[in-house]
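Undergrad: If you scroll down you'll find the structure; I have some questions about it.
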Protein chains: 2
Amino acid sequence: MGHTPIIQRLRKPVPPEMLAALKQRFDDRFSVAHAIREHHGRDESPYPDMLPDAVVYAQSTEDVVFVVKACAEHGIALIPYGAGSSLEGHLLAIEGGVSLDVSGMNKVVALNTEDLTVTVQPGMTRKQLNEYLRDTGLFFPIDPGADASLGGMASTRASGTNAVRYGTMRENVLGLEVVTAQGKVIRTASRARKSSAGYDLTRLFVGSEGTLGVITEVTVRLYPQPEAVSAAVCHFKTVQDAVATVIQTIQLGVPVARVELMDANAVKASNAYSKLTLRETPLLLFEFHGSPMSVEEQAQTVQELARDNGGMDFEWAKQPEDRNRLWTARHNAYFAGLGLRPGCRASTTDVCVPISRLGECLDEATRLVADASFPTTIVGHVGDGNFHVLMLLDSDNEQEWQESERLNEQLVAMAIAADGTCTGEHGIGLHKLDFMRQEHGDDVLALMWAIKRAYDPNNILNPGKVLPVLGNSPSIG
Amino acid sequence: MGHTPIIQRLRKPVPPEMLAALKQRFDDRFSVAHAIREHHGRDESPYPDMLPDAVVYAQSTEDVVFVVKACAEHGIALIPYGAGSSLEGHLLAIEGGVSLDVSGMNKVVALNTEDLTVTVQPGMTRKQLNEYLRDTGLFFPIDPGADASLGGMASTRASGTNAVRYGTMRENVLGLEVVTAQGKVIRTASRARKSSAGYDLTRLFVGSEGTLGVITEVTVRLYPQPEAVSAAVCHFKTVQDAVATVIQTIQLGVPVARVELMDANAVKASNAYSKLTLRETPLLLFEFHGSPMSVEEQAQTVQELARDNGGMDFEWAKQPEDRNRLWTARHNAYFAGLGLRPGCRASTTDVCVPISRLGECLDEATRLVADASFPTTIVGHVGDGNFHVLMLLDSDNEQEWQESERLNEQLVAMAIAADGTCTGEHGIGLHKLDFMRQEHGDDVLALMWAIKRAYDPNNILNPGKVLPVLGNSPSIG
């Protein structure tokens, strides 16, 4: 598939002595086999594969330090790899180098139930963590669609359906262990819930997409499993009516745990993929957490708001199995979309705007996709003003790719004009590099580059991601 | 009063041509009068006054740019000044230079009620903001004891009594306008509630205490005024019993809005200062926000937990005037403490630890203050693991100062050993510089210095604050 031109391989190949040293240290946890490199040179983005020269499977912070130091010594690119579920080309090896697979670092380092915190290795996935927590009465709420790794989620500042109530990785990472580009192991913060002790390095590494250091431990906040949970689906004639309901819900301070929008196409796709029989109109999917009484009350309030906005068929899912079926369907919306067009690849927009501007932005998005020559679905974390247009593209059709890029550009321009952002939760990777300038301007990018240059002067950490090249930015390699 | 030796005036005085240029531009908003400089060379810290050479009263971002550029051109120190309520020497002019008073920049730039956001100039105080919001149905929850400015609160990463429910400035600042050391005006983020678009400059400037840039606008999140509010006081035989109640409250997920501890001395001081008749034992002060039913239910749950931990005299304050009296007393705890020893000056500790360690830390603090030769009170934002020992010192007694410093050092060492921080909300300023190394280690400080050097290479922005001098840090001036 075509794409914004990416110049691959500006850097020298990994020298034989470095390959030998890695082989000696890691033995069968080191590979240059094509299949392994291919697996690590591909994510969920629409880009073609871009293979690293070698893959190392790390099992400890010491392993990470070894690889970082080797890359630093030889000036070789290093790309941390977790679950491989990133959507924007974050882990593609545009300069070759070493893919550092931390998926084997998936242990719990420390669980502190009284403090509602857990420290995990970066390869642990969100589902592994919640499985581990199941009998503790606690849970970890951040839930991107994929079963992403905690390290990857921290790196992209991920969120998901619970962010409206529980926040994103920005709010929920308490501290990180990081290996710097110089191979030093640092801890960004204590486990105190708040601190005013100097610059916020935790939040600096969160969202830096592996370009400032390699995350080797993540300490996150946990929450008590709510005493009661209920979910509800409500159908609307128009997306506008659904959005009005959301805005009023937020403004009333109803502590809704989740509120998700699906357009008629997304509902249709989910009916087919997840074997549901939802009416194929725009809908909102709600979840309420709290005491039984508070959940009842929240649901009552929202039901009234929905009715005032023409909501139809307010349906309850009080049984865990019904709830899980609905939310699994929502989490599988991406794969349901793919199911609309067998063999396609998806490109996903991720704009996020202040919710007062959400109605007009969704209107514009709906207008734009109506003219698209490929199938689309729209799903949204509407409580946060964030929505995704999933564009289902024929992999071999360059014209469709160009059209999807234009559509994305139009949505991003609209979001930035509405005081929003090009990405609410997926990150920049390669795909949104061009939007960074538009969103932030050169002076802000210069401040970001200043940090990159100070932390990684030889540009070995996931080079070419997050920050577009400016006049005064370092040349690659 | 004695203090850790601070070497004042290593920098050249402000050159006459720069003074003339400032006078010409700002006329009567520029001053070198001793009384004005004295007012700007003093905060609520126990340090002696350290006067700037000149004071400028800014009224616009353009004013700030002008002063920053003048200081940059001549290599002169610049210290942003808001409400002057900082506690750790943040605004003392240890190198002289210009105090940039932004208290006149206290306007609302934009209120967006649908989005629950407001953008204000940095000199607006939290009380001014809530007064402005009174009829909107919204409020801003962050409430340090003093009526601090929003710019100052952002700069120290402040919090207060509502943080357990609503978070700190870290979670509530959406974006900032900042004037850089080079005099460029940048905006750190859009008004989207979440974003993954690059490095988190917002959180980098929050808590940087004026050392990386001058904040000229602050966009914060607002919250719907709760439908119902109730407050309660509960007395305990011991601080331990109170802490156990708090831990259980948090673990059950009760969304308590405020939970504050006062020790018997603090209660005694508040009874005298605020004309209350509270029983002089350790107590917890609660506040519940929500629907009438939810508030009732939360209070019921907490009352039962308190009873199980030996809580006595659970008293309600449902009327706004009773509630306000209690919370005004809590906010005045600092001044109530001062009232215990007329003419004294206070030094305040600010450790914050994971709440599982709070009981032992408060035990140790109680043991230490029992032997102190000066009066003390203890108050705590215990839901966050943060508490303050207020030490009431004879201003002329060097020995008391030394003793208070040792006590602070012991508490900080204890907090750091408990995986906590030397400061939960007051910041570093001058007073906690020595603890930065102990808490973070040299490798982390080197990463912080790297940012300082990159953003402010000539070290003109609030020099000598936040970051202790390391071997490889720039010499001052």
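Chain labels follow the order of the structure tokens: the first chain is A, the next B, and so on; residue numbering restarts at 1 in every chain, and ligands are counted from 1 in their shown order.
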Hey, list the chain B side of the contact with chain A: 7 Å cut-off, only C-alpha atoms, answer as JSON, numbers by chain.

TA: {"B": [114, 115, 156, 157, 171, 186, 190, 191, 192, 193, 194, 195, 196, 197, 198, 199, 200, 203, 204, 207, 208, 224, 251, 252, 253, 294, 352, 353, 354, 355, 356, 384, 419, 420, 421, 422, 423, 424, 425, 426, 427, 428, 443, 444, 448, 450, 451, 454, 466]}

Undergrad: Could you please write out, as a PDB file with N, CA and C atoms, in the first residue's frame, every residue of segment 9-241 of chain B that DSSP assigns to strand (DSSP E)?

TA:
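Below is the file that was written, out19.pdb:
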ATOM      1  N   PHE B  30       6.555  50.218  37.241  1.00  0.00           N
ATOM      2  CA  PHE B  30       7.942  49.820  37.489  1.00  0.00           C
ATOM      3  C   PHE B  30       8.392  50.494  38.776  1.00  0.00           C
ATOM      4  N   SER B  31       9.133  49.766  39.617  1.00  0.00           N
ATOM      5  CA  SER B  31       9.565  50.393  40.866  1.00  0.00           C
ATOM      6  C   SER B  31      10.891  49.816  41.349  1.00  0.00           C
ATOM      7  N   ALA B  54      14.428  45.292  41.273  1.00  0.00           N
ATOM      8  CA  ALA B  54      13.355  46.090  40.697  1.00  0.00           C
ATOM      9  C   ALA B  54      12.108  45.221  40.590  1.00  0.00           C
ATOM     10  N   VAL B  55      10.967  45.890  40.510  1.00  0.00           N
ATOM     11  CA  VAL B  55       9.692  45.190  40.384  1.00  0.00           C
ATOM     12  C   VAL B  55       8.947  45.756  39.190  1.00  0.00           C
ATOM     13  N   VAL B  56       8.412  44.861  38.357  1.00  0.00           N
ATOM     14  CA  VAL B  56       7.557  45.305  37.254  1.00  0.00           C
ATOM     15  C   VAL B  56       6.178  44.682  37.441  1.00  0.00           C
ATOM     16  N   TYR B  57       5.136  45.477  37.287  1.00  0.00           N
ATOM     17  CA  TYR B  57       3.761  44.984  37.355  1.00  0.00           C
ATOM     18  C   TYR B  57       3.265  44.748  35.928  1.00  0.00           C
ATOM     19  N   LEU B  78      15.104  36.731  36.652  1.00  0.00           N
ATOM     20  CA  LEU B  78      13.703  37.136  36.604  1.00  0.00           C
ATOM     21  C   LEU B  78      12.890  36.162  37.454  1.00  0.00           C
ATOM     22  N   ILE B  79      12.068  36.701  38.341  1.00  0.00           N
ATOM     23  CA  ILE B  79      11.283  35.866  39.238  1.00  0.00           C
ATOM     24  C   ILE B  79       9.804  36.214  39.107  1.00  0.00           C
ATOM     25  N   PRO B  80       8.995  35.294  38.571  1.00  0.00           N
ATOM     26  CA  PRO B  80       7.554  35.569  38.503  1.00  0.00           C
ATOM     27  C   PRO B  80       6.970  35.636  39.919  1.00  0.00           C
ATOM     28  N   TYR B  81       6.052  36.567  40.126  1.00  0.00           N
ATOM     29  CA  TYR B  81       5.448  36.775  41.452  1.00  0.00           C
ATOM     30  C   TYR B  81       3.928  36.828  41.304  1.00  0.00           C
ATOM     31  N   VAL B  98      14.917  41.011  38.660  1.00  0.00           N
ATOM     32  CA  VAL B  98      13.599  41.627  38.510  1.00  0.00           C
ATOM     33  C   VAL B  98      12.509  40.690  39.020  1.00  0.00           C
ATOM     34  N   SER B  99      11.659  41.187  39.897  1.00  0.00           N
ATOM     35  CA  SER B  99      10.448  40.462  40.294  1.00  0.00           C
ATOM     36  C   SER B  99       9.328  40.891  39.348  1.00  0.00           C
ATOM     37  N   LEU B 100       8.752  39.917  38.667  1.00  0.00           N
ATOM     38  CA  LEU B 100       7.721  40.212  37.662  1.00  0.00           C
ATOM     39  C   LEU B 100       6.366  39.895  38.289  1.00  0.00           C
ATOM     40  N   ASP B 101       5.702  40.928  38.739  1.00  0.00           N
ATOM     41  CA  ASP B 101       4.447  40.760  39.478  1.00  0.00           C
ATOM     42  C   ASP B 101       3.289  40.633  38.492  1.00  0.00           C
ATOM     43  N   VAL B 108     -10.404  36.634  33.487  1.00  0.00           N
ATOM     44  CA  VAL B 108     -10.794  35.406  32.806  1.00  0.00           C
ATOM     45  C   VAL B 108     -10.638  35.633  31.307  1.00  0.00           C
ATOM     46  N   VAL B 109      -9.922  34.767  30.645  1.00  0.00           N
ATOM     47  CA  VAL B 109      -9.698  34.884  29.199  1.00  0.00           C
ATOM     48  C   VAL B 109     -10.850  34.226  28.446  1.00  0.00           C
ATOM     49  N   ALA B 110     -11.278  33.060  28.901  1.00  0.00           N
ATOM     50  CA  ALA B 110     -12.386  32.352  28.234  1.00  0.00           C
ATOM     51  C   ALA B 110     -12.999  31.339  29.190  1.00  0.00           C
ATOM     52  N   LEU B 111     -14.304  31.411  29.309  1.00  0.00           N
ATOM     53  CA  LEU B 111     -15.031  30.413  30.086  1.00  0.00           C
ATOM     54  C   LEU B 111     -15.818  29.555  29.107  1.00  0.00           C
ATOM     55  N   ASN B 112     -15.680  28.242  29.202  1.00  0.00           N
ATOM     56  CA  ASN B 112     -16.432  27.333  28.336  1.00  0.00           C
ATOM     57  C   ASN B 112     -17.235  26.392  29.223  1.00  0.00           C
ATOM     58  N   THR B 117     -14.353  24.047  31.172  1.00  0.00           N
ATOM     59  CA  THR B 117     -12.981  24.581  31.207  1.00  0.00           C
ATOM     60  C   THR B 117     -13.023  26.094  31.335  1.00  0.00           C
ATOM     61  N   VAL B 118     -11.971  26.631  31.919  1.00  0.00           N
ATOM     62  CA  VAL B 118     -11.808  28.082  31.938  1.00  0.00           C
ATOM     63  C   VAL B 118     -10.335  28.389  31.718  1.00  0.00           C
ATOM     64  N   THR B 119     -10.075  29.469  30.989  1.00  0.00           N
ATOM     65  CA  THR B 119      -8.708  29.954  30.797  1.00  0.00           C
ATOM     66  C   THR B 119      -8.591  31.284  31.518  1.00  0.00           C
ATOM     67  N   VAL B 120      -7.608  31.388  32.405  1.00  0.00           N
ATOM     68  CA  VAL B 120      -7.445  32.617  33.176  1.00  0.00           C
ATOM     69  C   VAL B 120      -6.017  33.112  33.069  1.00  0.00           C
ATOM     70  N   LEU B 138     -20.723  25.851  38.205  1.00  0.00           N
ATOM     71  CA  LEU B 138     -19.435  25.150  38.161  1.00  0.00           C
ATOM     72  C   LEU B 138     -18.536  25.647  39.291  1.00  0.00           C
ATOM     73  N   PHE B 139     -17.497  24.873  39.583  1.00  0.00           N
ATOM     74  CA  PHE B 139     -16.502  25.351  40.544  1.00  0.00           C
ATOM     75  C   PHE B 139     -15.142  24.764  40.232  1.00  0.00           C
ATOM     76  N   VAL B 173      -4.751  21.004  35.169  1.00  0.00           N
ATOM     77  CA  VAL B 173      -4.334  21.975  34.160  1.00  0.00           C
ATOM     78  C   VAL B 173      -4.424  21.296  32.800  1.00  0.00           C
ATOM     79  N   LEU B 174      -5.201  21.882  31.905  1.00  0.00           N
ATOM     80  CA  LEU B 174      -5.329  21.315  30.554  1.00  0.00           C
ATOM     81  C   LEU B 174      -4.270  21.861  29.622  1.00  0.00           C
ATOM     82  N   GLY B 175      -3.895  23.101  29.840  1.00  0.00           N
ATOM     83  CA  GLY B 175      -2.896  23.701  28.961  1.00  0.00           C
ATOM     84  C   GLY B 175      -2.435  25.029  29.528  1.00  0.00           C
ATOM     85  N   LEU B 176      -1.316  25.504  29.025  1.00  0.00           N
ATOM     86  CA  LEU B 176      -0.717  26.747  29.510  1.00  0.00           C
ATOM     87  C   LEU B 176      -0.256  27.598  28.333  1.00  0.00           C
ATOM     88  N   GLU B 177      -0.329  28.913  28.516  1.00  0.00           N
ATOM     89  CA  GLU B 177       0.457  29.796  27.660  1.00  0.00           C
ATOM     90  C   GLU B 177       1.693  30.163  28.468  1.00  0.00           C
ATOM     91  N   VAL B 178       2.855  30.060  27.821  1.00  0.00           N
ATOM     92  CA  VAL B 178       4.122  30.265  28.526  1.00  0.00           C
ATOM     93  C   VAL B 178       5.004  31.178  27.682  1.00  0.00           C
ATOM     94  N   VAL B 179       5.698  32.090  28.347  1.00  0.00           N
ATOM     95  CA  VAL B 179       6.753  32.853  27.687  1.00  0.00           C
ATOM     96  C   VAL B 179       8.077  32.166  28.015  1.00  0.00           C
ATOM     97  N   VAL B 185       6.276  33.167  22.842  1.00  0.00           N
ATOM     98  CA  VAL B 185       5.004  32.843  23.474  1.00  0.00           C
ATOM     99  C   VAL B 185       4.521  31.519  22.898  1.00  0.00           C
ATOM    100  N   ILE B 186       4.393  30.521  23.749  1.00  0.00           N
ATOM    101  CA  ILE B 186       3.925  29.233  23.251  1.00  0.00           C
ATOM    102  C   ILE B 186       2.695  28.783  24.036  1.00  0.00           C
ATOM    103  N   ARG B 187       1.942  27.873  23.413  1.00  0.00           N
ATOM    104  CA  ARG B 187       0.794  27.256  24.069  1.00  0.00           C
ATOM    105  C   ARG B 187       1.099  25.763  24.133  1.00  0.00           C
ATOM    106  N   VAL B 214       7.722  31.548  31.909  1.00  0.00           N
ATOM    107  CA  VAL B 214       6.789  32.345  32.706  1.00  0.00           C
ATOM    108  C   VAL B 214       5.372  32.047  32.210  1.00  0.00           C
ATOM    109  N   ILE B 215       4.530  31.550  33.100  1.00  0.00           N
ATOM    110  CA  ILE B 215       3.159  31.196  32.739  1.00  0.00           C
ATOM    111  C   ILE B 215       2.331  32.469  32.589  1.00  0.00           C
ATOM    112  N   THR B 216       1.668  32.616  31.426  1.00  0.00           N
ATOM    113  CA  THR B 216       0.864  33.812  31.205  1.00  0.00           C
ATOM    114  C   THR B 216      -0.628  33.510  31.020  1.00  0.00           C
ATOM    115  N   GLU B 217      -0.961  32.242  30.826  1.00  0.00           N
ATOM    116  CA  GLU B 217      -2.372  31.824  30.858  1.00  0.00           C
ATOM    117  C   GLU B 217      -2.439  30.390  31.353  1.00  0.00           C
ATOM    118  N   VAL B 218      -3.520  30.102  32.071  1.00  0.00           N
ATOM    119  CA  VAL B 218      -3.712  28.761  32.615  1.00  0.00           C
ATOM    120  C   VAL B 218      -5.124  28.300  32.236  1.00  0.00           C
ATOM    121  N   THR B 219      -5.222  27.151  31.564  1.00  0.00           N
ATOM    122  CA  THR B 219      -6.529  26.567  31.277  1.00  0.00           C
ATOM    123  C   THR B 219      -6.729  25.388  32.217  1.00  0.00           C
ATOM    124  N   VAL B 220      -7.791  25.441  32.994  1.00  0.00           N
ATOM    125  CA  VAL B 220      -8.041  24.371  33.970  1.00  0.00           C
ATOM    126  C   VAL B 220      -9.416  23.756  33.767  1.00  0.00           C
ATOM    127  N   ARG B 221      -9.563  22.562  34.300  1.00  0.00           N
ATOM    128  CA  ARG B 221     -10.853  21.869  34.301  1.00  0.00           C
ATOM    129  C   ARG B 221     -11.726  22.396  35.424  1.00  0.00           C
ATOM    130  N   TYR B 223     -15.669  21.732  37.490  1.00  0.00           N
ATOM    131  CA  TYR B 223     -16.563  20.634  37.858  1.00  0.00           C
ATOM    132  C   TYR B 223     -17.941  21.200  38.171  1.00  0.00           C
ATOM    133  N   PRO B 224     -18.982  20.417  37.888  1.00  0.00           N
ATOM    134  CA  PRO B 224     -20.324  20.871  38.277  1.00  0.00           C
ATOM    135  C   PRO B 224     -20.394  20.987  39.802  1.00  0.00           C
ATOM    136  N   ALA B 228     -25.678  17.974  46.123  1.00  0.00           N
ATOM    137  CA  ALA B 228     -25.734  17.965  47.584  1.00  0.00           C
ATOM    138  C   ALA B 228     -24.323  17.895  48.144  1.00  0.00           C
ATOM    139  N   VAL B 229     -24.133  18.533  49.291  1.00  0.00           N
ATOM    140  CA  VAL B 229     -22.851  18.510  49.992  1.00  0.00           C
ATOM    141  C   VAL B 229     -23.159  18.303  51.462  1.00  0.00           C
ATOM    142  N   SER B 230     -22.425  17.405  52.103  1.00  0.00           N
ATOM    143  CA  SER B 230     -22.519  17.421  53.559  1.00  0.00           C
ATOM    144  C   SER B 230     -21.146  17.199  54.143  1.00  0.00           C
ATOM    145  N   ALA B 231     -20.954  17.713  55.335  1.00  0.00           N
ATOM    146  CA  ALA B 231     -19.668  17.580  56.013  1.00  0.00           C
ATOM    147  C   ALA B 231     -19.908  16.913  57.357  1.00  0.00           C
ATOM    148  N   ALA B 232     -18.878  16.304  57.883  1.00  0.00           N
ATOM    149  CA  ALA B 232     -18.989  15.659  59.183  1.00  0.00           C
ATOM    150  C   ALA B 232     -17.650  15.726  59.891  1.00  0.00           C
ATOM    151  N   VAL B 233     -17.709  15.758  61.195  1.00  0.00           N
ATOM    152  CA  VAL B 233     -16.510  15.696  62.032  1.00  0.00           C
ATOM    153  C   VAL B 233     -16.605  14.423  62.846  1.00  0.00           C
ATOM    154  N   CYS B 234     -15.484  13.728  62.985  1.00  0.00           N
ATOM    155  CA  CYS B 234     -15.466  12.568  63.849  1.00  0.00           C
ATOM    156  C   CYS B 234     -14.187  12.569  64.672  1.00  0.00           C
ATOM    157  N   HIS B 235     -14.332  12.372  65.972  1.00  0.00           N
ATOM    158  CA  HIS B 235     -13.181  12.375  66.884  1.00  0.00           C
ATOM    159  C   HIS B 235     -12.674  10.964  67.096  1.00  0.00           C
TER     160      HIS B 235
END

Undergrad: Could you tell me how far atom CA of Asn162 of chain A lies from atom CA of Leu129 of chain A, in Å and to one decimal?

TA: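 Taking atom CA of Asn162 of chain A as the start and atom CA of Leu129 of chain A as the end point, the length is 16.0 Å.
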
Undergrad: Fewer than 6 positions away in the same chain doesn't count, so skip those; otherwise give me all residues within 9 Å of Pro52 of chain B, counting only C-alpha atoms, as a count of residues only.

TA: 16

Undergrad: Please run DSSP on the backbone and report, as a PyMOL selection string, all residues within segment 160-288 of chain B that come out as helix (DSSP H, G or I).

TA: chain B and resi 163-166+169-172+201-205+239-251+264-274

Undergrad: Would you save the residues from that selection as a PDB file, in the first residue's frame, using C-alpha atoms?

TA:
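Written file, out.pdb:
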ATOM      1  CA  ALA B 163      -7.297  16.409  45.870  1.00  0.00           C
ATOM      2  CA  VAL B 164      -8.440  12.995  47.065  1.00  0.00           C
ATOM      3  CA  ARG B 165     -11.479  13.349  44.802  1.00  0.00           C
ATOM      4  CA  TYR B 166     -10.567  15.948  42.188  1.00  0.00           C
ATOM      5  CA  MET B 169      -2.925  20.915  39.521  1.00  0.00           C
ATOM      6  CA  ARG B 170      -1.151  18.067  37.702  1.00  0.00           C
ATOM      7  CA  GLU B 171      -4.489  16.532  36.765  1.00  0.00           C
ATOM      8  CA  ASN B 172      -6.462  19.759  36.375  1.00  0.00           C
ATOM      9  CA  LEU B 201       4.919  20.092  27.932  1.00  0.00           C
ATOM     10  CA  THR B 202       1.920  21.071  30.052  1.00  0.00           C
ATOM     11  CA  ARG B 203       2.963  18.721  32.830  1.00  0.00           C
ATOM     12  CA  LEU B 204       6.594  19.758  32.373  1.00  0.00           C
ATOM     13  CA  PHE B 205       5.825  23.409  33.136  1.00  0.00           C
ATOM     14  CA  VAL B 239      -4.285   9.278  65.102  1.00  0.00           C
ATOM     15  CA  GLN B 240      -3.904   5.576  64.213  1.00  0.00           C
ATOM     16  CA  ASP B 241      -7.639   4.974  64.512  1.00  0.00           C
ATOM     17  CA  ALA B 242      -8.311   7.952  62.283  1.00  0.00           C
ATOM     18  CA  VAL B 243      -5.846   6.729  59.657  1.00  0.00           C
ATOM     19  CA  ALA B 244      -7.359   3.225  59.668  1.00  0.00           C
ATOM     20  CA  THR B 245     -10.736   4.789  58.934  1.00  0.00           C
ATOM     21  CA  VAL B 246      -9.283   6.717  56.011  1.00  0.00           C
ATOM     22  CA  ILE B 247      -7.573   3.685  54.468  1.00  0.00           C
ATOM     23  CA  GLN B 248     -10.762   1.649  54.648  1.00  0.00           C
ATOM     24  CA  THR B 249     -12.767   4.512  53.141  1.00  0.00           C
ATOM     25  CA  ILE B 250     -10.418   4.741  50.167  1.00  0.00           C
ATOM     26  CA  GLN B 251     -10.275   0.967  49.730  1.00  0.00           C
ATOM     27  CA  ALA B 264      -5.225  17.496  69.169  1.00  0.00           C
ATOM     28  CA  ASN B 265      -2.901  20.517  69.032  1.00  0.00           C
ATOM     29  CA  ALA B 266      -4.316  21.623  65.712  1.00  0.00           C
ATOM     30  CA  VAL B 267      -7.850  21.318  67.073  1.00  0.00           C
ATOM     31  CA  LYS B 268      -6.882  23.341  70.132  1.00  0.00           C
ATOM     32  CA  ALA B 269      -5.346  26.048  67.940  1.00  0.00           C
ATOM     33  CA  SER B 270      -8.405  26.167  65.689  1.00  0.00           C
ATOM     34  CA  ASN B 271     -10.809  26.342  68.629  1.00  0.00           C
ATOM     35  CA  ALA B 272      -8.947  29.425  69.821  1.00  0.00           C
ATOM     36  CA  TYR B 273      -8.432  31.061  66.418  1.00  0.00           C
ATOM     37  CA  SER B 274     -11.761  30.208  64.769  1.00  0.00           C
TER      38      SER B 274
END

Undergrad: For Val67 of chain A, which residue among A:Phe26, A:Phe314, A:Tyr334, A:Trp401 is the nearest when counting only C-alpha atoms?

TA: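 Of all the options, A:Phe26 lies closest to Val67 of chain A.
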
Undergrad: Leaving out Ser45 of chain B and any residue of its chain fewer than 3 positions from it, which residues lie within 9 Å of it when counting only C-alpha atoms, given as a ChimeraX atom specification?

TA: /B:42,48,85-90,345-348,431

Undergrad: Figure out the distance between atom CA of Ala329 of chain A and atom CA of Ser395 of chain A, please, to one decimal in Å.

TA: 25.0 Å

Undergrad: Quick one, how far is atom CA of Gly337 of chain B from atom CA of Met391 of chain B?

TA: 8.4 Å

Undergrad: Can you list, as a list in words, every protein, DNA or RNA residue that comes within 12 Å of Ser373 of chain A when you count only C-alpha atoms, leaving out same-chain residues fewer than 5 positions away?

TA: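 Result of the neighbour search: Leu368, Met391, Leu392, Leu393, Asp394, Asn397, Gln399, Glu400, Trp401, Gln402, Glu403, Ser404 and Leu407 of chain A.
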
Undergrad: I need the chosen residues saved as a short mmCIF file (atom, residue, chain, number, x, y, z; two decimals), in the first residue's frame, with C-alpha atoms.

TA:
data_model
loop_
_atom_site.label_atom_id
_atom_site.label_comp_id
_atom_site.auth_asym_id
_atom_site.auth_seq_id
_atom_site.Cartn_x
_atom_site.Cartn_y
_atom_site.Cartn_z
CA LEU A 368 -17.14 13.38 4.69
CA MET A 391 -11.55 3.53 7.06
CA LEU A 392 -11.51 0.09 5.47
CA LEU A 393 -9.14 0.16 2.55
CA ASP A 394 -8.25 -2.16 -0.28
CA ASN A 397 -5.50 0.45 -4.13
CA GLN A 399 -6.14 5.80 -4.74
CA GLU A 400 -8.12 4.66 -1.71
CA TRP A 401 -5.07 5.23 0.46
CA GLN A 402 -4.67 8.77 -0.86
CA GLU A 403 -8.36 9.42 -0.34
CA SER A 404 -8.21 8.13 3.24
CA LEU A 407 -10.08 12.50 4.81
#
